[in-house]
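Below is the file target_3.cif, which contains mmCIF, C-alpha atoms.
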```cif
data_my_file
loop_
_atom_site.label_atom_id
_atom_site.label_comp_id
_atom_site.auth_asym_id
_atom_site.auth_seq_id
_atom_site.Cartn_x
_atom_site.Cartn_y
_atom_site.Cartn_z
CA MET I 1 18.62 -6.31 26.70
CA LYS I 2 15.25 -5.02 27.89
CA HIS I 3 12.11 -7.13 27.94
CA ILE I 4 9.09 -5.27 26.50
CA LEU I 5 5.52 -6.56 26.71
CA TYR I 6 3.54 -5.59 23.60
CA LEU I 7 -0.22 -5.13 24.04
CA PRO I 8 -1.77 -4.37 20.62
CA SER I 9 -5.44 -3.59 20.06
CA TRP I 10 -5.04 -4.75 16.45
CA PHE I 11 -2.87 -7.62 15.23
CA PRO I 12 -2.74 -10.15 12.37
CA ILE I 13 -4.52 -13.43 13.18
CA ARG I 14 -4.60 -16.83 11.52
CA ARG I 15 -7.80 -16.19 9.54
CA ASN I 16 -6.94 -12.59 8.64
CA PRO I 17 -3.26 -11.64 8.28
CA TYR I 18 -3.81 -7.98 7.40
CA PRO I 19 -5.31 -5.98 10.34
CA GLY I 20 -2.50 -4.47 12.39
CA ASP I 21 0.24 -5.98 10.20
CA PHE I 22 2.15 -2.71 10.62
CA ILE I 23 2.13 -3.31 14.40
CA LYS I 24 3.69 -6.72 13.85
CA ARG I 25 6.41 -5.08 11.77
CA HIS I 26 7.02 -2.64 14.62
CA ALA I 27 7.43 -5.61 16.96
CA GLU I 28 9.87 -7.21 14.52
CA SER I 29 11.92 -4.02 14.27
CA ALA I 30 11.96 -3.54 18.05
CA SER I 31 13.12 -7.15 18.51
CA LEU I 32 16.40 -6.30 16.76
CA TYR I 33 17.46 -4.50 19.95
CA ASN I 34 15.14 -5.80 22.69
CA ARG I 35 13.26 -8.90 23.75
CA ILE I 36 9.60 -8.51 22.74
CA THR I 37 6.63 -10.56 23.95
CA VAL I 38 3.25 -9.94 22.31
CA PHE I 39 -0.10 -10.74 23.98
CA TYR I 40 -3.25 -10.57 21.85
CA THR I 41 -6.79 -11.99 22.02
CA ALA I 42 -9.14 -12.71 19.11
CA THR I 43 -12.46 -14.40 18.44
CA ASP I 44 -12.68 -17.38 16.10
CA ASP I 45 -16.07 -18.63 14.93
CA THR I 46 -14.60 -22.00 13.87
CA ILE I 47 -13.70 -23.19 17.39
CA LYS I 48 -15.77 -24.31 20.37
CA GLU I 49 -13.05 -24.17 23.02
CA PRO I 50 -10.43 -21.47 23.67
CA GLU I 51 -6.95 -21.97 22.21
CA LEU I 52 -3.64 -20.34 23.07
CA VAL I 53 -1.29 -20.22 20.09
CA GLU I 54 2.38 -19.35 20.51
CA GLU I 55 4.60 -18.30 17.61
CA LYS I 56 8.33 -17.74 17.89
CA ILE I 57 9.33 -15.27 15.17
CA ASN I 58 12.98 -15.05 16.20
CA GLN I 59 15.02 -15.48 19.36
CA ASN I 60 13.82 -12.10 20.65
CA LEU I 61 10.18 -12.10 19.51
CA SER I 62 7.43 -14.34 20.87
CA ILE I 63 3.75 -13.91 20.04
CA TYR I 64 0.90 -15.35 22.12
CA ILE I 65 -2.60 -15.18 20.67
CA TYR I 66 -5.57 -16.41 22.70
CA TYR I 67 -8.46 -17.45 20.46
CA TYR I 68 -11.92 -17.87 21.94
CA PRO I 69 -15.34 -18.76 20.48
CA VAL I 70 -17.62 -15.98 19.29
CA LEU I 71 -20.33 -15.06 21.76
CA THR I 72 -23.53 -13.30 20.66
CA GLY I 73 -26.68 -12.09 22.37
CA ASN I 74 -27.40 -9.80 25.29
CA PHE I 75 -24.34 -8.39 27.06
CA SER I 76 -22.03 -10.27 24.65
CA SER I 77 -19.72 -7.26 24.29
CA VAL I 78 -19.33 -7.01 28.06
CA ILE I 79 -18.76 -10.76 28.45
CA ASN I 80 -16.26 -10.80 25.58
CA GLY I 81 -14.44 -7.90 27.22
CA VAL I 82 -14.22 -9.83 30.50
CA LYS I 83 -12.95 -12.88 28.60
CA ARG I 84 -10.23 -10.84 26.89
CA PHE I 85 -9.12 -9.30 30.16
CA SER I 86 -9.10 -12.68 31.93
CA ALA I 87 -7.09 -14.25 29.09
CA LEU I 88 -4.50 -11.46 29.18
CA ARG I 89 -4.14 -11.83 32.93
CA LYS I 90 -3.63 -15.61 32.64
CA MET I 91 -1.02 -15.13 29.90
CA TYR I 92 0.76 -12.54 32.00
CA ASN I 93 0.78 -14.62 35.19
CA LYS I 94 2.16 -17.64 33.32
CA THR I 95 4.76 -15.85 31.18
CA PHE I 96 5.99 -13.51 33.89
CA ALA I 97 5.71 -15.82 36.88
CA SER I 98 9.34 -15.37 37.89
CA SER I 99 10.17 -11.92 36.46
CA SER I 100 8.39 -8.82 35.20
CA PRO I 101 8.79 -7.03 31.88
CA ASP I 102 10.81 -3.84 31.94
CA LEU I 103 8.07 -1.89 30.16
CA VAL I 104 4.64 -2.34 28.60
CA HIS I 105 4.10 -1.04 25.06
CA VAL I 106 0.46 -0.48 24.02
CA HIS I 107 -0.33 -0.23 20.32
CA VAL I 108 -3.65 1.62 19.75
CA ALA I 109 -4.81 2.91 23.12
CA TYR I 110 -8.24 1.32 23.16
CA SER I 111 -8.84 -1.41 24.15
CA ALA I 112 -5.40 -2.87 24.92
CA GLY I 113 -4.63 0.10 27.14
CA LEU I 114 -7.14 -1.18 29.70
CA PHE I 115 -4.85 -4.07 30.62
CA ALA I 116 -1.81 -1.79 30.64
CA LEU I 117 -3.65 0.49 33.05
CA TYR I 118 -4.40 -2.54 35.25
CA LEU I 119 -0.72 -3.58 35.24
CA LYS I 120 0.33 -0.07 36.23
CA LYS I 121 -2.14 0.16 39.12
CA ARG I 122 -1.67 -3.40 40.40
CA LYS I 123 1.99 -4.12 39.62
CA GLY I 124 3.58 -0.71 39.17
CA LEU I 125 4.53 -1.33 35.53
CA GLU I 126 4.96 1.76 33.36
CA TYR I 127 3.63 1.79 29.82
CA VAL I 128 4.01 3.76 26.60
CA ILE I 129 1.40 4.15 23.87
CA SER I 130 1.90 3.92 20.12
CA GLU I 131 -1.11 5.32 18.30
CA HIS I 132 -2.19 4.31 14.79
CA ASP I 133 -5.95 4.85 14.88
CA GLY I 134 -7.52 7.23 12.34
CA ILE I 135 -10.40 7.93 14.74
CA TYR I 136 -8.38 10.90 16.05
CA MET I 137 -7.73 12.53 12.67
CA PRO I 138 -9.60 15.73 11.69
CA ASN I 139 -11.28 14.24 8.58
CA TYR I 140 -12.37 11.02 10.30
CA ASP I 141 -15.58 9.65 8.77
CA ASN I 142 -17.14 7.90 11.80
CA TYR I 143 -16.28 4.43 10.49
CA HIS I 144 -16.05 3.55 14.17
CA VAL I 145 -18.19 5.44 16.68
CA ALA I 146 -16.80 5.35 20.21
CA GLY I 147 -19.23 4.42 22.99
CA ARG I 148 -19.56 6.25 26.30
CA PHE I 149 -17.15 3.97 28.16
CA GLU I 150 -14.48 4.29 25.46
CA LYS I 151 -14.81 8.09 25.44
CA LYS I 152 -14.34 8.22 29.21
CA ILE I 153 -11.53 5.69 29.57
CA VAL I 154 -9.30 6.70 26.63
CA PRO I 155 -8.16 10.00 28.26
CA VAL I 156 -7.42 8.05 31.46
CA ILE I 157 -5.31 5.54 29.51
CA TYR I 158 -3.42 8.35 27.81
CA HIS I 159 -2.80 10.45 30.89
CA ASN I 160 -1.32 7.45 32.74
CA ALA I 161 1.14 6.65 29.95
CA LYS I 162 4.80 7.43 30.47
CA LYS I 163 5.25 8.50 26.86
CA VAL I 164 3.13 8.72 23.70
CA HIS I 165 4.36 7.81 20.25
CA ALA I 166 2.59 8.62 16.97
CA VAL I 167 3.42 7.26 13.52
CA SER I 168 3.25 10.73 11.97
CA LYS I 169 3.58 14.34 13.08
CA SER I 170 0.01 14.95 11.90
CA LEU I 171 -1.38 12.23 14.16
CA GLY I 172 0.73 13.54 17.03
CA ASN I 173 -0.69 17.03 16.54
CA ALA I 174 -4.22 15.59 16.54
CA LEU I 175 -3.58 13.83 19.86
CA VAL I 176 -2.34 17.10 21.36
CA ASP I 177 -5.33 19.04 19.99
CA LEU I 178 -7.66 16.50 21.61
CA LYS I 179 -5.73 16.89 24.88
CA LEU I 180 -4.96 13.18 24.94
CA ALA I 181 -1.21 13.74 24.71
CA THR I 182 -0.07 16.36 27.22
CA SER I 183 3.15 17.06 25.28
CA ASP I 184 4.31 16.52 21.71
CA PRO I 185 4.38 12.77 21.01
CA ILE I 186 7.53 11.07 19.80
CA VAL I 187 7.24 10.51 16.04
CA ILE I 188 8.45 7.14 14.79
CA PRO I 189 7.15 6.12 11.34
CA ASN I 190 5.86 2.76 10.24
CA VAL I 191 8.22 0.11 8.95
CA VAL I 192 8.62 -1.02 5.36
CA ASP I 193 10.00 -4.46 4.60
CA THR I 194 12.69 -3.06 2.33
CA LYS I 195 13.81 -6.53 1.24
CA THR I 196 10.35 -7.06 -0.27
CA PHE I 197 9.59 -3.52 -1.38
CA GLN I 198 12.58 -2.63 -3.50
CA PRO I 199 12.99 -1.79 -7.18
CA LYS I 200 12.67 -4.61 -9.69
CA GLU I 201 12.79 -4.47 -13.45
CA LYS I 202 9.44 -3.34 -14.84
CA LEU I 203 7.74 -5.53 -17.41
CA SER I 204 7.22 -3.65 -20.64
CA GLY I 205 3.67 -3.01 -21.77
CA ALA I 206 1.56 -0.69 -23.85
CA GLY I 207 -0.01 2.36 -22.24
CA PHE I 208 0.13 3.45 -18.63
CA SER I 209 -0.24 1.12 -15.67
CA PHE I 210 -1.54 2.47 -12.35
CA ILE I 211 -2.08 0.65 -9.07
CA HIS I 212 -4.19 1.14 -5.96
CA VAL I 213 -3.73 -0.93 -2.78
CA SER I 214 -6.10 -0.57 0.18
CA SER I 215 -8.93 -2.04 2.21
CA LEU I 216 -11.29 -0.14 -0.15
CA ILE I 217 -13.29 1.39 2.70
CA ASN I 218 -14.80 4.89 2.61
CA GLN I 219 -11.59 6.39 4.02
CA LYS I 220 -9.72 5.44 0.84
CA ASN I 221 -12.38 6.98 -1.44
CA PRO I 222 -12.28 4.27 -4.13
CA GLU I 223 -15.52 5.54 -5.70
CA GLY I 224 -13.95 8.96 -6.25
CA MET I 225 -10.89 7.37 -7.82
CA ILE I 226 -13.05 5.34 -10.21
CA GLU I 227 -15.10 8.41 -11.13
CA ALA I 228 -11.88 10.32 -11.87
CA LEU I 229 -10.77 7.60 -14.26
CA SER I 230 -14.09 7.83 -16.09
CA ILE I 231 -13.22 11.49 -16.75
CA VAL I 232 -9.72 10.51 -17.89
CA LYS I 233 -11.19 7.96 -20.32
CA LYS I 234 -13.10 10.71 -22.14
CA LYS I 235 -9.71 12.04 -23.30
CA ARG I 236 -7.61 8.89 -23.53
CA SER I 237 -7.99 5.23 -22.73
CA ASP I 238 -4.39 3.97 -22.90
CA PHE I 239 -4.24 3.04 -19.22
CA VAL I 240 -5.04 0.26 -16.79
CA LEU I 241 -5.65 0.56 -13.05
CA LYS I 242 -5.08 -2.55 -10.97
CA ILE I 243 -6.96 -2.50 -7.66
CA ILE I 244 -5.60 -4.73 -4.90
CA GLY I 245 -7.89 -5.23 -1.93
CA PRO I 246 -10.93 -7.17 -0.72
CA PRO I 247 -13.59 -7.56 -3.44
CA LYS I 248 -16.41 -4.99 -3.23
CA GLU I 249 -19.46 -5.63 -5.38
CA LYS I 250 -20.56 -2.00 -5.28
CA LEU I 251 -17.22 -0.95 -6.82
CA LYS I 252 -17.48 -3.58 -9.54
CA LYS I 253 -20.99 -2.33 -10.27
CA LEU I 254 -19.74 1.27 -10.51
CA VAL I 255 -16.97 0.22 -12.90
CA LYS I 256 -19.55 -1.50 -15.11
CA GLU I 257 -21.90 1.51 -15.02
CA LEU I 258 -19.05 3.79 -16.13
CA SER I 259 -17.92 1.34 -18.85
CA LEU I 260 -14.46 0.94 -17.35
CA GLU I 261 -14.26 -2.87 -17.42
CA LYS I 262 -11.25 -2.81 -19.77
CA GLU I 263 -9.42 -0.09 -17.85
CA ILE I 264 -9.94 -1.24 -14.23
CA VAL I 265 -8.96 -4.71 -13.03
CA PHE I 266 -9.82 -6.02 -9.57
CA MET I 267 -6.97 -8.22 -8.33
CA GLY I 268 -8.39 -9.14 -4.91
CA GLU I 269 -6.17 -9.49 -1.84
CA MET I 270 -2.57 -10.50 -2.43
CA ARG I 271 0.52 -11.55 -0.47
CA TYR I 272 3.08 -8.82 0.11
CA PRO I 273 5.67 -10.18 -2.35
CA ASP I 274 2.99 -10.16 -5.04
CA VAL I 275 1.91 -6.63 -4.07
CA ALA I 276 5.52 -5.48 -4.39
CA LYS I 277 5.74 -7.11 -7.82
CA GLU I 278 2.59 -5.30 -9.00
CA ILE I 279 3.86 -1.97 -7.66
CA ASN I 280 7.13 -2.43 -9.55
CA ASN I 281 5.20 -3.14 -12.74
CA SER I 282 3.24 0.12 -12.36
CA ASP I 283 3.98 3.64 -13.51
CA ALA I 284 2.38 5.18 -10.40
CA MET I 285 0.37 4.45 -7.27
CA ILE I 286 -2.98 6.27 -6.93
CA HIS I 287 -4.07 6.93 -3.33
CA PHE I 288 -7.12 9.25 -3.20
CA THR I 289 -7.48 8.94 0.58
CA ARG I 290 -9.65 11.19 2.75
CA TYR I 291 -7.35 10.88 5.78
CA GLU I 292 -4.42 8.81 7.00
CA THR I 293 -2.39 8.38 10.15
CA PHE I 294 0.67 7.47 8.06
CA GLY I 295 0.12 5.78 4.67
CA CYS I 296 2.02 2.47 4.51
CA VAL I 297 1.32 1.87 0.82
CA ILE I 298 2.74 5.31 -0.01
CA ALA I 299 6.03 4.48 1.73
CA GLU I 300 6.10 1.01 0.13
CA SER I 301 5.62 2.47 -3.33
CA LEU I 302 8.37 5.05 -2.79
CA CYS I 303 10.71 2.32 -1.51
CA CYS I 304 10.20 0.68 -4.92
CA GLY I 305 11.01 3.98 -6.64
CA VAL I 306 7.44 4.29 -7.97
CA PRO I 307 5.77 7.75 -7.76
CA VAL I 308 2.47 8.35 -5.96
CA ILE I 309 -0.54 10.41 -7.03
CA VAL I 310 -1.98 11.18 -3.63
CA SER I 311 -4.39 13.43 -1.74
CA ASP I 312 -2.84 16.69 -0.55
CA LEU I 313 -3.01 16.23 3.24
CA ASP I 314 -0.64 17.33 5.99
CA VAL I 315 0.17 13.69 6.69
CA THR I 316 0.82 12.73 3.05
CA LYS I 317 3.11 15.74 2.67
CA GLU I 318 5.29 14.17 5.36
CA LEU I 319 5.99 11.45 2.77
CA VAL I 320 5.53 13.04 -0.66
CA THR I 321 6.85 16.27 -2.16
CA ASP I 322 4.80 17.53 -5.11
CA LYS I 323 6.49 16.94 -8.48
CA ILE I 324 9.54 15.40 -6.78
CA ASP I 325 8.33 11.92 -5.89
CA GLY I 326 4.68 12.25 -6.83
CA LEU I 327 1.76 14.55 -7.49
CA LEU I 328 -0.52 16.04 -4.83
CA VAL I 329 -4.28 16.19 -5.45
CA GLU I 330 -6.90 18.27 -3.67
CA GLU I 331 -8.61 15.94 -1.19
CA SER I 332 -11.94 14.53 -2.51
CA ASN I 333 -11.70 16.67 -5.68
CA VAL I 334 -12.47 14.12 -8.42
CA ARG I 335 -11.81 16.60 -11.23
CA ASP I 336 -8.39 17.49 -9.82
CA LEU I 337 -7.46 13.81 -9.56
CA ALA I 338 -8.46 13.32 -13.20
CA ASP I 339 -6.40 16.36 -14.20
CA LYS I 340 -3.33 15.10 -12.29
CA ILE I 341 -3.58 11.65 -13.87
CA LEU I 342 -3.84 13.26 -17.31
CA TYR I 343 -0.87 15.53 -16.48
CA PHE I 344 1.10 12.44 -15.44
CA MET I 345 0.31 10.74 -18.75
CA GLU I 346 0.69 13.71 -21.06
CA THR I 347 4.02 14.87 -19.60
CA GLU I 348 5.24 11.30 -19.06
CA PHE I 349 6.04 12.38 -15.51
CA LYS I 350 9.31 10.93 -14.19
CA ILE I 351 11.06 10.96 -10.84
CA ASP I 352 14.64 10.24 -9.79
CA SER I 353 13.77 6.67 -8.87
CA LYS I 354 17.23 5.81 -7.55
CA TRP I 355 17.29 8.78 -5.17
CA VAL I 356 13.67 8.26 -4.07
CA THR I 357 14.33 4.59 -3.38
CA GLU I 358 17.49 5.21 -1.38
CA GLU I 359 15.95 8.03 0.66
CA ASN I 360 12.83 6.09 1.60
CA GLN I 361 14.60 2.81 2.29
CA ARG I 362 16.88 4.74 4.62
CA LYS I 363 13.91 6.22 6.50
CA PHE I 364 11.68 3.17 6.86
CA ASN I 365 13.95 0.14 7.26
CA TYR I 366 13.71 -2.24 10.23
CA GLN I 367 17.05 -1.28 11.75
CA ARG I 368 16.36 2.44 11.87
CA ILE I 369 12.85 2.08 13.30
CA GLY I 370 14.01 -0.54 15.80
CA LYS I 371 16.75 1.79 17.01
CA MET I 372 14.24 4.63 17.44
CA PHE I 373 12.08 2.39 19.62
CA ASP I 374 15.15 1.37 21.61
CA GLU I 375 15.93 5.02 22.28
CA MET I 376 12.33 5.60 23.41
CA TYR I 377 12.49 2.63 25.79
CA ASN I 378 15.80 3.86 27.22
CA SER I 379 14.26 7.27 27.90
CA VAL I 380 11.54 5.61 30.04
CA ILE I 381 13.31 2.73 31.76
CA PRO I 382 15.62 3.83 34.60
#
```
Encoded form using structure tokens:
Amino acid sequence: MKHILYLPSWFPIRRNPYPGDFIKRHAESASLYNRITVFYTATDDTIKEPELVEEKINQNLSIYIYYYPVLTGNFSSVINGVKRFSALRKMYNKTFASSSPDLVHVHVAYSAGLFALYLKKRKGLEYVISEHDGIYMPNYDNYHVAGRFEKKIVPVIYHNAKKVHAVSKSLGNALVDLKLATSDPIVIPNVVDTKTFQPKEKLSGAGFSFIHVSSLINQKNPEGMIEALSIVKKKRSDFVLKIIGPPKEKLKKLVKELSLEKEIVFMGEMRYPDVAKEINNSDAMIHFTRYETFGCVIAESLCCGVPVIVSDLDVTKELVTDKIDGLLVEESNVRDLADKILYFMETEFKIDSKWVTEENQRKFNYQRIGKMFDEMYNSVIP
């Protein structure tokens, strides 16, 4: 059994369990076939002294998170960067005092790749990169603007990697186009917890029930989705959209302005079992996204046998086939989204839920993804 050191740039933390949760699921899947140790650092504004928290997920997966107080003021970003690097080095020296990992696995090249680059130069350890970041996608909306140092160091991190993995073919193509990946990346999709996201009996109810699950940032285009439903309401109002995600006052205000308070319900953030329950009680997922690197909620919905009304992007077409397991909508076209929702309602659009469920659970389960990672590690480790 190989010992792989995971270095994620994003990861769930005690005060926020959602960022990078898909990376944690990758670690869990990889631990079915290999020993995985995760190192991560995070700020915590509730503490005054640094804390190192260890969590043993299973016999093959250990997670170490170093929490340190928030620092503000001049040069705080530089000082925080030095603190992160120092913490990673201390964790490494303590955990691997008597033996070295067989391979380092970076998730999201920047900034975790800096420490992987250090380990390669100082200790001769090879590393692979798994990329998830939408910053590289063609329609990226500048939610994060890379600084000069990041722009310079990211190509260096990539070009020193032994292999590059992307969670979709579309993201892999983007990395090649940007000359970050020098050859086609290995494509391994995200994981779905198929024990949680599986079909359950739908509660009966009047009208149509739709669901949207996201962080509700600009990328997901929630305003456009709400505007589309205001168009739908002009023809029929026998529907409800449940929105799961962090509360956004501007969205609540828009719903009120468009007189959609009865049709749109904000559910707030929810635990995954509750999300799965809401998906199963829905007729369709609506995902009017501007870009994606994969689309976890799409895969989760399909694993429940629930169709998806989704933006027509190269990446979403890796998951959804129009009129087979969902409906494709022209990206950012509010009128087209309204038309597709009306089509769904008026035709009472149905899919072969049993086949869709089986096909997607086969593709995204822990065992399959874990085995794909194992094969990637074997191709790198002598």
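Between Pro19 in chain I and the residues I:Leu241, I:Ala206, I:Ser215, I:Val310, the shortest atom-to-atom distance, using only C-alpha atoms, involves I:Ser215.
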Distance in Å - CA of Ser29 in chain I versus CA of Asn190 in chain I: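 Computing it gives 9.9 Å between the two atoms.
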Shortest contact to Asp374 in chain I, candidates I:Thr316, I:Asn142, I:Gln198, I:Ser31, atoms counted all atoms listed in the file, goes to I:Ser31
Compile a residue-level contact table for range 82-146 of chain I against range 37-48 of chain I at a cut-off of 9 Å, reporting for every qualifying residue the shortest atom pair and its distance in Å to one decimal, with only C-alpha atoms counted, rows ordered by chain and ascending number, as JSON lines.
```
{"residue": "I:Arg84", "atom": "CA", "partner": "I:Thr41", "partner_atom": "CA", "distance": 6.1}
{"residue": "I:Phe85", "atom": "CA", "partner": "I:Thr41", "partner_atom": "CA", "distance": 8.9}
{"residue": "I:Ala87", "atom": "CA", "partner": "I:Thr41", "partner_atom": "CA", "distance": 7.4}
{"residue": "I:Leu88", "atom": "CA", "partner": "I:Phe39", "partner_atom": "CA", "distance": 6.8}
{"residue": "I:Met91", "atom": "CA", "partner": "I:Phe39", "partner_atom": "CA", "distance": 7.4}
{"residue": "I:Tyr92", "atom": "CA", "partner": "I:Phe39", "partner_atom": "CA", "distance": 8.3}
{"residue": "I:Pro101", "atom": "CA", "partner": "I:Thr37", "partner_atom": "CA", "distance": 8.9}
{"residue": "I:Ala112", "atom": "CA", "partner": "I:Tyr40", "partner_atom": "CA", "distance": 8.6}
```
May I ask which of the residues I:Asp177, I:Phe288, I:Met345, I:Tyr118 is the closest one to Val240 in chain I, counting all atoms listed in the file?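 When distances to Val240 in chain I are compared using all atoms listed in the file, the smallest one comes from I:Met345.
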So the first atom is CA of Lys24 in chain I and the second is CA of Lys151 in chain I; what is the distance between them in Å, to one decimal place?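 Between CA of Lys24 in chain I and CA of Lys151 in chain I the gap works out to 26.4 Å.
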Please reconstruct the missing atoms of range 162-188 of chain I (target: N, CA and C atoms) and return them as a PDB file, keeping the file's coordinate frame.
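Heads up, here's the output in result20.pdb:
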```pdb
ATOM      1  N   LYS I 162       3.521   6.761  30.223  1.00  0.00           N
ATOM      2  CA  LYS I 162       4.800   7.430  30.470  1.00  0.00           C
ATOM      3  C   LYS I 162       5.209   8.271  29.270  1.00  0.00           C
ATOM      4  N   LYS I 163       4.974   7.756  28.094  1.00  0.00           N
ATOM      5  CA  LYS I 163       5.250   8.500  26.860  1.00  0.00           C
ATOM      6  C   LYS I 163       4.226   8.098  25.804  1.00  0.00           C
ATOM      7  N   VAL I 164       4.029   8.985  24.823  1.00  0.00           N
ATOM      8  CA  VAL I 164       3.130   8.720  23.700  1.00  0.00           C
ATOM      9  C   VAL I 164       3.922   8.814  22.413  1.00  0.00           C
ATOM     10  N   HIS I 165       3.704   7.842  21.554  1.00  0.00           N
ATOM     11  CA  HIS I 165       4.360   7.810  20.250  1.00  0.00           C
ATOM     12  C   HIS I 165       3.280   7.828  19.171  1.00  0.00           C
ATOM     13  N   ALA I 166       3.490   8.592  18.123  1.00  0.00           N
ATOM     14  CA  ALA I 166       2.590   8.620  16.970  1.00  0.00           C
ATOM     15  C   ALA I 166       3.388   8.271  15.717  1.00  0.00           C
ATOM     16  N   VAL I 167       2.716   7.685  14.726  1.00  0.00           N
ATOM     17  CA  VAL I 167       3.420   7.260  13.520  1.00  0.00           C
ATOM     18  C   VAL I 167       3.619   8.399  12.522  1.00  0.00           C
ATOM     19  N   SER I 168       3.037   9.553  12.811  1.00  0.00           N
ATOM     20  CA  SER I 168       3.250  10.730  11.970  1.00  0.00           C
ATOM     21  C   SER I 168       3.123  11.978  12.834  1.00  0.00           C
ATOM     22  N   LYS I 169       3.707  13.060  12.373  1.00  0.00           N
ATOM     23  CA  LYS I 169       3.580  14.340  13.080  1.00  0.00           C
ATOM     24  C   LYS I 169       2.129  14.795  13.092  1.00  0.00           C
ATOM     25  N   SER I 170       1.417  14.540  11.987  1.00  0.00           N
ATOM     26  CA  SER I 170       0.010  14.950  11.900  1.00  0.00           C
ATOM     27  C   SER I 170      -0.847  14.255  12.941  1.00  0.00           C
ATOM     28  N   LEU I 171      -0.642  12.960  13.138  1.00  0.00           N
ATOM     29  CA  LEU I 171      -1.380  12.230  14.160  1.00  0.00           C
ATOM     30  C   LEU I 171      -0.994  12.738  15.542  1.00  0.00           C
ATOM     31  N   GLY I 172       0.289  12.999  15.751  1.00  0.00           N
ATOM     32  CA  GLY I 172       0.730  13.540  17.030  1.00  0.00           C
ATOM     33  C   GLY I 172       0.069  14.865  17.342  1.00  0.00           C
ATOM     34  N   ASN I 173      -0.028  15.740  16.342  1.00  0.00           N
ATOM     35  CA  ASN I 173      -0.690  17.030  16.540  1.00  0.00           C
ATOM     36  C   ASN I 173      -2.167  16.848  16.895  1.00  0.00           C
ATOM     37  N   ALA I 174      -2.802  15.860  16.251  1.00  0.00           N
ATOM     38  CA  ALA I 174      -4.220  15.590  16.540  1.00  0.00           C
ATOM     39  C   ALA I 174      -4.405  15.134  17.977  1.00  0.00           C
ATOM     40  N   LEU I 175      -3.492  14.308  18.471  1.00  0.00           N
ATOM     41  CA  LEU I 175      -3.580  13.830  19.860  1.00  0.00           C
ATOM     42  C   LEU I 175      -3.391  14.978  20.847  1.00  0.00           C
ATOM     43  N   VAL I 176      -2.526  15.921  20.503  1.00  0.00           N
ATOM     44  CA  VAL I 176      -2.340  17.100  21.360  1.00  0.00           C
ATOM     45  C   VAL I 176      -3.583  17.981  21.323  1.00  0.00           C
ATOM     46  N   ASP I 177      -4.130  18.204  20.131  1.00  0.00           N
ATOM     47  CA  ASP I 177      -5.330  19.040  19.990  1.00  0.00           C
ATOM     48  C   ASP I 177      -6.505  18.474  20.784  1.00  0.00           C
ATOM     49  N   LEU I 178      -6.577  17.162  20.869  1.00  0.00           N
ATOM     50  CA  LEU I 178      -7.660  16.500  21.610  1.00  0.00           C
ATOM     51  C   LEU I 178      -7.364  16.390  23.099  1.00  0.00           C
ATOM     52  N   LYS I 179      -6.180  16.908  23.478  1.00  0.00           N
ATOM     53  CA  LYS I 179      -5.730  16.890  24.880  1.00  0.00           C
ATOM     54  C   LYS I 179      -5.574  15.465  25.415  1.00  0.00           C
ATOM     55  N   LEU I 180      -5.288  14.540  24.522  1.00  0.00           N
ATOM     56  CA  LEU I 180      -4.960  13.180  24.940  1.00  0.00           C
ATOM     57  C   LEU I 180      -3.476  13.107  25.294  1.00  0.00           C
ATOM     58  N   ALA I 181      -2.640  13.612  24.408  1.00  0.00           N
ATOM     59  CA  ALA I 181      -1.210  13.740  24.710  1.00  0.00           C
ATOM     60  C   ALA I 181      -0.983  15.101  25.355  1.00  0.00           C
ATOM     61  N   THR I 182      -0.305  15.105  26.482  1.00  0.00           N
ATOM     62  CA  THR I 182      -0.070  16.360  27.220  1.00  0.00           C
ATOM     63  C   THR I 182       1.188  17.075  26.740  1.00  0.00           C
ATOM     64  N   SER I 183       1.985  16.422  25.904  1.00  0.00           N
ATOM     65  CA  SER I 183       3.150  17.060  25.280  1.00  0.00           C
ATOM     66  C   SER I 183       3.293  16.443  23.889  1.00  0.00           C
ATOM     67  N   ASP I 184       4.160  17.012  23.072  1.00  0.00           N
ATOM     68  CA  ASP I 184       4.310  16.520  21.710  1.00  0.00           C
ATOM     69  C   ASP I 184       4.750  15.058  21.711  1.00  0.00           C
ATOM     70  N   PRO I 185       3.986  14.175  21.061  1.00  0.00           N
ATOM     71  CA  PRO I 185       4.380  12.770  21.010  1.00  0.00           C
ATOM     72  C   PRO I 185       5.685  12.566  20.246  1.00  0.00           C
ATOM     73  N   ILE I 186       6.371  11.497  20.567  1.00  0.00           N
ATOM     74  CA  ILE I 186       7.530  11.070  19.800  1.00  0.00           C
ATOM     75  C   ILE I 186       7.022  10.561  18.450  1.00  0.00           C
ATOM     76  N   VAL I 187       7.653  10.962  17.370  1.00  0.00           N
ATOM     77  CA  VAL I 187       7.240  10.510  16.040  1.00  0.00           C
ATOM     78  C   VAL I 187       8.206   9.443  15.541  1.00  0.00           C
ATOM     79  N   ILE I 188       7.697   8.252  15.369  1.00  0.00           N
ATOM     80  CA  ILE I 188       8.450   7.140  14.790  1.00  0.00           C
ATOM     81  C   ILE I 188       7.564   6.561  13.684  1.00  0.00           C
TER      82      ILE I 188
END
```
